[in-house]
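Novice: Next comes the structure file run33.tsv, holding TSV, C-alpha atoms.
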```tsv
chain	number	residue	atom	x	y	z
A	1312	MET	CA	111.51	-0.62	81.67
A	1313	SER	CA	108.11	-2.21	81.22
A	1314	ILE	CA	105.76	-0.11	79.11
A	1315	ILE	CA	102.72	-1.57	80.88
A	1316	GLU	CA	102.87	-2.21	84.61
A	1317	ASP	CA	99.86	-3.02	86.80
A	1318	GLN	CA	97.60	-2.26	83.82
A	1319	ILE	CA	99.00	1.26	83.56
A	1320	VAL	CA	100.75	2.44	80.41
A	1321	ASN	CA	103.92	4.41	81.09
A	1322	MET	CA	103.66	7.01	78.32
A	1323	GLY	CA	107.24	8.18	78.79
A	1324	TYR	CA	108.58	4.67	78.24
A	1325	LEU	CA	106.23	4.15	75.30
A	1326	SER	CA	107.47	7.33	73.67
A	1327	ILE	CA	111.13	6.33	74.07
A	1328	VAL	CA	110.55	2.84	72.65
A	1329	SER	CA	108.47	4.06	69.70
A	1330	THR	CA	110.60	6.97	68.51
A	1331	HIS	CA	113.85	7.32	66.63
A	1332	ALA	CA	114.97	10.30	68.77
A	1333	ALA	CA	114.20	11.75	72.19
A	1334	ASN	CA	114.97	15.43	72.61
A	1335	GLY	CA	115.71	17.15	75.88
A	1336	VAL	CA	114.68	20.80	75.86
A	1337	ALA	CA	117.89	22.05	77.46
A	1338	GLU	CA	121.34	20.60	78.15
A	1339	LEU	CA	120.52	20.08	81.84
A	1340	HIS	CA	117.18	18.47	80.98
A	1341	SER	CA	118.84	16.11	78.50
A	1342	SER	CA	121.44	15.14	81.08
A	1343	LEU	CA	118.76	14.39	83.68
A	1344	LEU	CA	116.78	12.27	81.22
A	1345	LYS	CA	119.86	10.20	80.44
A	1346	SER	CA	121.05	9.81	84.02
A	1347	THR	CA	117.77	9.29	85.88
A	1348	LEU	CA	114.35	9.05	84.26
A	1349	PHE	CA	115.35	7.09	81.14
A	1350	LYS	CA	118.75	5.82	82.29
A	1351	ASP	CA	118.12	2.19	81.25
A	1352	PHE	CA	116.84	3.23	77.84
A	1353	TYR	CA	119.83	5.53	77.37
A	1354	GLU	CA	122.20	2.65	78.12
A	1355	LEU	CA	120.44	0.53	75.47
A	1356	SER	CA	120.18	3.22	72.77
A	1357	PRO	CA	122.32	6.28	73.54
A	1358	GLU	CA	122.03	7.50	69.95
A	1359	LYS	CA	118.31	8.19	70.50
A	1360	PHE	CA	118.97	10.86	73.11
A	1361	GLN	CA	119.61	14.33	71.76
A	1362	ASN	CA	119.52	17.88	73.02
A	1363	LYS	CA	117.49	20.67	71.45
A	1364	THR	CA	117.80	23.81	73.52
A	1365	ASN	CA	114.64	25.87	73.58
A	1366	GLY	CA	113.97	29.41	74.68
A	1367	ILE	CA	115.23	32.69	73.36
A	1368	THR	CA	118.72	33.90	72.84
A	1369	PRO	CA	119.44	37.53	73.70
A	1370	ARG	CA	121.11	38.20	70.38
A	1371	ARG	CA	118.23	36.95	68.31
A	1372	TRP	CA	115.35	38.30	70.37
A	1373	LEU	CA	116.76	41.61	71.50
A	1374	LEU	CA	119.06	42.39	68.60
A	1375	LEU	CA	116.79	41.34	65.76
A	1376	CYS	CA	113.22	41.19	67.02
A	1377	ASN	CA	112.98	44.28	69.16
A	1378	PRO	CA	115.29	47.07	67.99
A	1379	ALA	CA	113.67	49.60	70.33
A	1380	LEU	CA	114.43	47.45	73.37
A	1381	PHE	CA	117.97	46.87	72.10
A	1382	ASP	CA	118.45	50.64	71.76
A	1383	LEU	CA	117.02	51.34	75.22
A	1384	ILE	CA	119.22	48.82	77.01
A	1385	THR	CA	122.29	49.84	75.03
A	1386	SER	CA	121.72	53.51	75.84
A	1387	LYS	CA	121.59	52.62	79.54
A	1388	ILE	CA	124.58	50.24	79.87
A	1389	GLY	CA	126.40	50.02	76.55
A	1390	GLU	CA	126.74	46.99	74.29
A	1391	LYS	CA	128.49	44.69	76.79
A	1392	TRP	CA	125.08	43.44	77.95
A	1393	ILE	CA	124.84	41.45	74.71
A	1394	THR	CA	127.16	38.81	76.15
A	1395	ASN	CA	126.42	39.46	79.83
A	1396	LEU	CA	122.77	40.05	80.64
A	1397	SER	CA	123.49	39.99	84.38
A	1398	GLN	CA	124.37	43.70	84.09
A	1399	LEU	CA	120.64	44.38	83.86
A	1400	ARG	CA	120.09	43.20	87.45
A	1401	LYS	CA	121.34	46.45	88.92
A	1402	PHE	CA	118.44	48.27	87.24
A	1403	VAL	CA	115.64	46.08	88.57
A	1404	ASN	CA	114.58	48.82	91.01
A	1405	ASP	CA	115.07	51.69	88.57
A	1406	GLN	CA	111.40	52.56	88.11
A	1407	GLN	CA	111.95	54.85	85.13
A	1408	PHE	CA	113.98	52.18	83.32
A	1409	VAL	CA	111.33	49.55	84.08
A	1410	ARG	CA	108.63	51.88	82.69
A	1411	ASP	CA	110.74	52.54	79.61
A	1412	ILE	CA	111.13	48.80	79.03
A	1413	GLN	CA	107.38	48.28	79.38
A	1414	ARG	CA	106.76	51.06	76.88
A	1415	VAL	CA	109.07	49.67	74.18
A	1416	LYS	CA	107.89	46.09	74.69
A	1417	LEU	CA	104.35	47.01	73.61
```
Please lay out the structure from this file as structure tokens.
Specialist:
Amino acid sequence: MSIIEDQIVNMGYLSIVSTHAANGVAELHSSLLKSTLFKDFYELSPEKFQNKTNGITPRRWLLLCNPALFDLITSKIGEKWITNLSQLRKFVNDQQFVRDIQRVKL
């Protein structure tokens, strides 16, 4: 847990010691930080370790930000994809669908 070891500053340790909160970028990432990389720090100050999931959510990005893409996917497989994106996998080799997606993404 030494911030400086062999004249090398451990920037990860320094950041944990000097901050009021350490955010993992996904639930799995947060769990790994607490159980491995910063385990000792987590045991000392568990309240510092938080989770802030990053990335997009299908509802926000597809439903709100790209109505044309929403319409295209919905016309192909119905609205059930909103909660189960895995349905899109079966169209990965559908060249026309892939072209249509590229067109509406632009």
Novice: Write out as a PyMOL selection string the residues lying within 12 Å of A:Val1336, counting all atoms listed in the file and excluding same-chain residues fewer than 3 positions away.
Specialist: chain A and resi 1333+1339-1344+1360-1366
Novice: Let me make sure I understand: among A:Ile1327, A:Leu1380, A:Met1322, A:Leu1373, which one has the smallest atom-to-atom distance to A:Ile1393 if we use only C-alpha atoms?
Specialist: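 Comparing A:Ile1327, A:Leu1380, A:Met1322, A:Leu1373 against A:Ile1393, the winner is A:Leu1373.
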Novice: Quick one: pull the distance between atom CA of A:Gln1398 and atom CA of A:Gly1335, Å, one decimal.
Specialist: 29.1 Å
Novice: For each of A:Ile1314, A:Val1328, A:Ile1412, A:Leu1396, take the minimum atom-to-atom distance to A:Thr1368, counting only C-alpha atoms, then give the residue where this is smallest.
Specialist: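 Counting only C-alpha atoms, the residue closest to A:Thr1368 is A:Leu1396.
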Novice: Calculated over all atoms listed in the file, which of the candidates A:Thr1347, A:Leu1383, A:Thr1394, A:Thr1330 has the smallest distance to A:Gln1413?
Specialist: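 Ranked by minimum distance to A:Gln1413, first place goes to A:Leu1383.
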Novice: Can stretch 1338-1357 of chain A be brought up to N, CA and C atoms and written out as a short mmCIF file (atom, residue, chain, number, x, y, z; two decimals), in the coordinates of the input?
Specialist:
```cif
data_model
loop_
_atom_site.label_atom_id
_atom_site.label_comp_id
_atom_site.auth_asym_id
_atom_site.auth_seq_id
_atom_site.Cartn_x
_atom_site.Cartn_y
_atom_site.Cartn_z
N GLU A 1338 120.22 21.51 77.86
CA GLU A 1338 121.34 20.60 78.15
C GLU A 1338 121.15 19.91 79.50
N LEU A 1339 120.74 20.67 80.52
CA LEU A 1339 120.52 20.08 81.84
C LEU A 1339 119.39 19.06 81.79
N HIS A 1340 118.31 19.38 81.11
CA HIS A 1340 117.18 18.47 80.98
C HIS A 1340 117.60 17.18 80.30
N SER A 1341 118.36 17.29 79.22
CA SER A 1341 118.84 16.11 78.50
C SER A 1341 119.70 15.24 79.41
N SER A 1342 120.56 15.87 80.16
CA SER A 1342 121.44 15.14 81.08
C SER A 1342 120.63 14.39 82.14
N LEU A 1343 119.61 15.04 82.68
CA LEU A 1343 118.76 14.39 83.68
C LEU A 1343 117.99 13.21 83.09
N LEU A 1344 117.49 13.37 81.87
CA LEU A 1344 116.78 12.27 81.22
C LEU A 1344 117.68 11.05 81.08
N LYS A 1345 118.92 11.30 80.68
CA LYS A 1345 119.86 10.20 80.44
C LYS A 1345 120.37 9.56 81.73
N SER A 1346 120.46 10.34 82.79
CA SER A 1346 121.05 9.81 84.02
C SER A 1346 120.03 9.32 85.05
N THR A 1347 118.76 9.69 84.89
CA THR A 1347 117.77 9.29 85.88
C THR A 1347 116.52 8.67 85.24
N LEU A 1348 115.67 9.48 84.72
CA LEU A 1348 114.35 9.05 84.26
C LEU A 1348 114.40 7.94 83.21
N PHE A 1349 115.26 8.09 82.21
CA PHE A 1349 115.35 7.09 81.14
C PHE A 1349 116.74 6.46 81.06
N LYS A 1350 117.38 6.33 82.23
CA LYS A 1350 118.75 5.82 82.29
C LYS A 1350 118.91 4.47 81.58
N ASP A 1351 118.02 3.52 81.86
CA ASP A 1351 118.12 2.19 81.25
C ASP A 1351 117.95 2.26 79.74
N PHE A 1352 117.04 3.08 79.28
CA PHE A 1352 116.84 3.23 77.84
C PHE A 1352 118.06 3.90 77.20
N TYR A 1353 118.64 4.86 77.89
CA TYR A 1353 119.83 5.53 77.37
C TYR A 1353 120.98 4.54 77.22
N GLU A 1354 121.13 3.65 78.19
CA GLU A 1354 122.20 2.65 78.12
C GLU A 1354 121.99 1.69 76.95
N LEU A 1355 120.74 1.41 76.60
CA LEU A 1355 120.44 0.53 75.47
C LEU A 1355 120.60 1.23 74.12
N SER A 1356 120.18 2.49 74.04
CA SER A 1356 120.18 3.22 72.77
C SER A 1356 120.62 4.66 72.97
N PRO A 1357 121.88 4.90 73.28
CA PRO A 1357 122.32 6.28 73.54
C PRO A 1357 122.15 7.21 72.35
#
```
